[in-house]
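Visitor: Attaching a single structure in C-alpha cells format; questions to follow.
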Amino acid sequence: MSADLDQLVRAPGAADVRELLTGLLGRDVTLEPSDGFTGDAATGSTFAVYVDDQLTTRAVAVVDLPLSAYAGAAVGLLPAGGAQDAVAERDLTPILKENLAEVLNVMAALLNEEGRPHVKLADVHHVGSWPSPQVCADAAATGRRLDLTVTIPLYGAGRLSIVGVR
Amino acid sequence: MKILIADDSRVMRQIVIRTLRQAGYGGHDLIEAENGAVALELVHTQAPDLVLSDWNMPEMNGIDLLRALRASGEQVPFGFVTSEGTPEMVDRAMSSGALFLIAKPFTADSFRDQLDAVVA
C-alpha cells in the first residue's frame, strides 16, 4: 500500500453499511447497488460532512428524502406513517432530523480504521437547507464512492451514497 | 444502583436505556445528561454508581469528562458507549481510566459482556 493510500479515509463496503444500519435500527436492512446519488434539489436531501482532527473534510454522505425520513423514524421507533407524511410534505420534523443526525453520527464508525486519520461527523445539512457548493462538489466526486439503495423493513427504501473526498 | 447515561443524542439515550432493560438491568435508577459538563455536575450531586458516556459531545466531550472526574479524585466506574471503536481510541479510553468501551451500534449481549462485572 502506498503512503498516499495510507492517508485516505477507510472505504467501507456494503456489508459494513448493512451490519451497522441493521444493528442501529434494529431491523434487517437490505442493500442493493445503485447509481451515484448526489442529492435531489427538487425534493431535498440530507448531506453529512465528516472531517478529520484538522477539520479537513474527508467524506460526505448523501441521503435522499425518503431514506432520511425512514431512518430517522426507525432509529427512534416512530411510526412509519409519520415518516411517510414527512416524505409527502418534503420536510422532516425536528425529531426526525435529530434522530437522523445520530444515525449519521454513528456512521462515522464506517470510516475509521486503525492507522488512518480519525474522522467524525462535523455538519449535517438537513432537507430544506441546501449545502455549500463545496459540499455539493464533494458529494459528486467520482471514484471513491459507495452508492446504495437501502430498504428498511416496515418503513421503505431510499438512497444513500458515501463519498471519500480526499 | 444508579447509572448515569451521558449522550447528546436524545434518541441514543433512549436506545441505551432500552438496551439496558433488554440486557437485564431494567431495575436500576437511570439518570441522563446531554453533555459532559452536565454529567460532571450530576456525578458530584447524584453520586451514580456507574457512568456510561458518549465520546463526542458538545460543551465537554467524554474523554475530558473522564479526565476531569479522575483529576478530582472521583473514581466512579466509567465506560464509553460511542461510535469511536478503533484500537487507538480504546487505548486512549483505557489509559484515561475507563473500564470498557462499547461501540455503537451495540446489542444487549455487548452490554452484558461489559456490565456484568460492574453492575451488581
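Chain lettering (A, B, ...) mirrors the order of the C-alpha cells, residue numbering begins at 1 for each chain separately, and ligand numbering begins at 1 in order of display.
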Using only C-alpha atoms, find which residues of chain A lie within 8 Å of chain B and jot them down as a ChimeraX atom specification.
Guide: /A:20,23-24,75-76,98-99,102,105-109,112-114
Visitor: Next, dump the selected residues to file, keeping only C-alpha atoms, as a PDB file, in the first residue's frame.
Guide:
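Here's the written file again-v4.pdb:
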```pdb
ATOM      1  CA  LEU A  20     -24.130  -1.033  11.063  1.00  0.00           C
ATOM      2  CA  GLY A  23     -27.658  -3.037  14.414  1.00  0.00           C
ATOM      3  CA  LEU A  24     -28.544   0.604  14.905  1.00  0.00           C
ATOM      4  CA  VAL A  75     -33.991   4.570  14.944  1.00  0.00           C
ATOM      5  CA  GLY A  76     -36.493   6.138  17.355  1.00  0.00           C
ATOM      6  CA  GLU A  98     -32.371  14.928  15.331  1.00  0.00           C
ATOM      7  CA  ASN A  99     -32.684  11.157  15.054  1.00  0.00           C
ATOM      8  CA  GLU A 102     -27.491  10.429  15.270  1.00  0.00           C
ATOM      9  CA  ASN A 105     -23.037  10.300  13.635  1.00  0.00           C
ATOM     10  CA  VAL A 106     -22.795   6.562  14.270  1.00  0.00           C
ATOM     11  CA  MET A 107     -21.992   6.034  10.579  1.00  0.00           C
ATOM     12  CA  ALA A 108     -18.655   7.752  11.218  1.00  0.00           C
ATOM     13  CA  ALA A 109     -17.574   4.355  12.548  1.00  0.00           C
ATOM     14  CA  ASN A 112     -12.497   4.860  10.904  1.00  0.00           C
ATOM     15  CA  GLU A 113      -9.783   2.262  10.958  1.00  0.00           C
ATOM     16  CA  GLU A 114      -6.552   1.853  12.877  1.00  0.00           C
TER      17      GLU A 114
END
```
Visitor: Could you pull out the strand (DSSP E) residues of region 20-104 of chain B from DSSP and send them as an MDAnalysis selection string?
Guide: chainID B and resid 29:33 50:53 78:82 100:103
Visitor: Residues as selected, N, CA, C and O atoms, written as a PDB file, in the first residue's frame, can you do that?
Guide:
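Below is the file again.pdb, written as the result:
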```
ATOM      1  N   ASP B  29     -31.762   2.595  38.819  1.00  0.00           N
ATOM      2  CA  ASP B  29     -32.128   4.005  38.751  1.00  0.00           C
ATOM      3  C   ASP B  29     -31.281   4.657  37.653  1.00  0.00           C
ATOM      4  O   ASP B  29     -30.055   4.683  37.751  1.00  0.00           O
ATOM      5  N   LEU B  30     -31.939   5.149  36.595  1.00  0.00           N
ATOM      6  CA  LEU B  30     -31.214   5.700  35.451  1.00  0.00           C
ATOM      7  C   LEU B  30     -31.380   7.214  35.411  1.00  0.00           C
ATOM      8  O   LEU B  30     -32.492   7.721  35.495  1.00  0.00           O
ATOM      9  N   ILE B  31     -30.265   7.941  35.290  1.00  0.00           N
ATOM     10  CA  ILE B  31     -30.325   9.392  35.129  1.00  0.00           C
ATOM     11  C   ILE B  31     -29.576   9.763  33.846  1.00  0.00           C
ATOM     12  O   ILE B  31     -28.703   9.022  33.384  1.00  0.00           O
ATOM     13  N   GLU B  32     -29.942  10.912  33.264  1.00  0.00           N
ATOM     14  CA  GLU B  32     -29.433  11.276  31.946  1.00  0.00           C
ATOM     15  C   GLU B  32     -28.748  12.646  31.954  1.00  0.00           C
ATOM     16  O   GLU B  32     -29.155  13.539  32.690  1.00  0.00           O
ATOM     17  N   ALA B  33     -27.739  12.764  31.101  1.00  0.00           N
ATOM     18  CA  ALA B  33     -27.065  14.056  30.888  1.00  0.00           C
ATOM     19  C   ALA B  33     -26.862  14.237  29.390  1.00  0.00           C
ATOM     20  O   ALA B  33     -26.551  13.276  28.684  1.00  0.00           O
ATOM     21  N   LEU B  50     -22.296   4.142  38.341  1.00  0.00           N
ATOM     22  CA  LEU B  50     -21.680   3.824  37.051  1.00  0.00           C
ATOM     23  C   LEU B  50     -22.009   4.955  36.084  1.00  0.00           C
ATOM     24  O   LEU B  50     -23.134   5.470  36.084  1.00  0.00           O
ATOM     25  N   VAL B  51     -21.038   5.324  35.257  1.00  0.00           N
ATOM     26  CA  VAL B  51     -21.268   6.311  34.194  1.00  0.00           C
ATOM     27  C   VAL B  51     -21.080   5.616  32.847  1.00  0.00           C
ATOM     28  O   VAL B  51     -20.055   4.969  32.619  1.00  0.00           O
ATOM     29  N   LEU B  52     -22.095   5.737  31.969  1.00  0.00           N
ATOM     30  CA  LEU B  52     -21.992   5.286  30.578  1.00  0.00           C
ATOM     31  C   LEU B  52     -22.015   6.534  29.719  1.00  0.00           C
ATOM     32  O   LEU B  52     -23.010   7.259  29.688  1.00  0.00           O
ATOM     33  N   SER B  53     -20.906   6.808  29.022  1.00  0.00           N
ATOM     34  CA  SER B  53     -20.788   8.107  28.342  1.00  0.00           C
ATOM     35  C   SER B  53     -20.423   7.964  26.876  1.00  0.00           C
ATOM     36  O   SER B  53     -19.582   7.147  26.501  1.00  0.00           O
ATOM     37  N   PHE B  78     -16.516   3.887  35.012  1.00  0.00           N
ATOM     38  CA  PHE B  78     -16.815   4.690  33.822  1.00  0.00           C
ATOM     39  C   PHE B  78     -16.605   3.846  32.576  1.00  0.00           C
ATOM     40  O   PHE B  78     -15.560   3.238  32.393  1.00  0.00           O
ATOM     41  N   GLY B  79     -17.621   3.803  31.707  1.00  0.00           N
ATOM     42  CA  GLY B  79     -17.480   3.110  30.428  1.00  0.00           C
ATOM     43  C   GLY B  79     -17.976   3.987  29.295  1.00  0.00           C
ATOM     44  O   GLY B  79     -18.908   4.774  29.467  1.00  0.00           O
ATOM     45  N   PHE B  80     -17.314   3.871  28.142  1.00  0.00           N
ATOM     46  CA  PHE B  80     -17.761   4.616  26.969  1.00  0.00           C
ATOM     47  C   PHE B  80     -18.769   3.801  26.170  1.00  0.00           C
ATOM     48  O   PHE B  80     -18.628   2.568  26.033  1.00  0.00           O
ATOM     49  N   VAL B  81     -19.786   4.488  25.639  1.00  0.00           N
ATOM     50  CA  VAL B  81     -20.701   3.914  24.657  1.00  0.00           C
ATOM     51  C   VAL B  81     -20.654   4.885  23.478  1.00  0.00           C
ATOM     52  O   VAL B  81     -21.213   5.973  23.531  1.00  0.00           O
ATOM     53  N   THR B  82     -19.944   4.507  22.434  1.00  0.00           N
ATOM     54  CA  THR B  82     -19.552   5.502  21.435  1.00  0.00           C
ATOM     55  C   THR B  82     -19.373   4.884  20.057  1.00  0.00           C
ATOM     56  O   THR B  82     -19.172   3.670  19.932  1.00  0.00           O
ATOM     57  N   PHE B 100     -14.249   0.134  30.145  1.00  0.00           N
ATOM     58  CA  PHE B 100     -14.569  -0.548  28.895  1.00  0.00           C
ATOM     59  C   PHE B 100     -15.029   0.471  27.872  1.00  0.00           C
ATOM     60  O   PHE B 100     -15.300   1.642  28.203  1.00  0.00           O
ATOM     61  N   LEU B 101     -15.113   0.020  26.614  1.00  0.00           N
ATOM     62  CA  LEU B 101     -15.675   0.836  25.535  1.00  0.00           C
ATOM     63  C   LEU B 101     -16.618  -0.056  24.733  1.00  0.00           C
ATOM     64  O   LEU B 101     -16.202  -1.092  24.221  1.00  0.00           O
ATOM     65  N   ILE B 102     -17.882   0.341  24.695  1.00  0.00           N
ATOM     66  CA  ILE B 102     -18.883  -0.361  23.890  1.00  0.00           C
ATOM     67  C   ILE B 102     -19.102   0.461  22.635  1.00  0.00           C
ATOM     68  O   ILE B 102     -19.434   1.648  22.710  1.00  0.00           O
ATOM     69  N   ALA B 103     -18.894  -0.157  21.459  1.00  0.00           N
ATOM     70  CA  ALA B 103     -19.012   0.572  20.193  1.00  0.00           C
ATOM     71  C   ALA B 103     -20.461   0.564  19.709  1.00  0.00           C
ATOM     72  O   ALA B 103     -21.152  -0.455  19.784  1.00  0.00           O
TER      73      ALA B 103
END
```
Visitor: Do a neighbour search on Ala37 (chain B) at 9 Å with only C-alpha atoms, toss out local chain neighbours closer than 2 positions, and write the hits as a ChimeraX atom specification.
Guide: /B:33-35,39-42,58-61,65
Visitor: Could you find all residues in chain A that DSSP calls alpha helix (DSSP H) from the backbone, and write them as a PyMOL selection string?
Guide: chain A and resi 3-6+14-25+65-75+80-89+94-106+133-139
Visitor: Find, counting only C-alpha atoms, the residue in A:Gly26, A:Pro66, A:Pro33, A:Pro117 that gets nearest to Gly13 (chain A).
Guide: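 Residue with the minimum atom-to-atom distance to Gly13 (chain A): A:Pro33.
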Visitor: Would you mind listing what lies within 9 Å of Leu69 (chain B) as a ChimeraX atom specification, with only C-alpha atoms counted and same-chain residues fewer than 6 positions away left out?
Guide: /B:40,43,75-76
Visitor: Hey, can you check how far CA of Val163 (chain A) sits from CA of Val60 (chain A)?
Guide: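 Spanning CA of Val163 (chain A) to CA of Val60 (chain A) is a straight-line distance of 5.2 Å.
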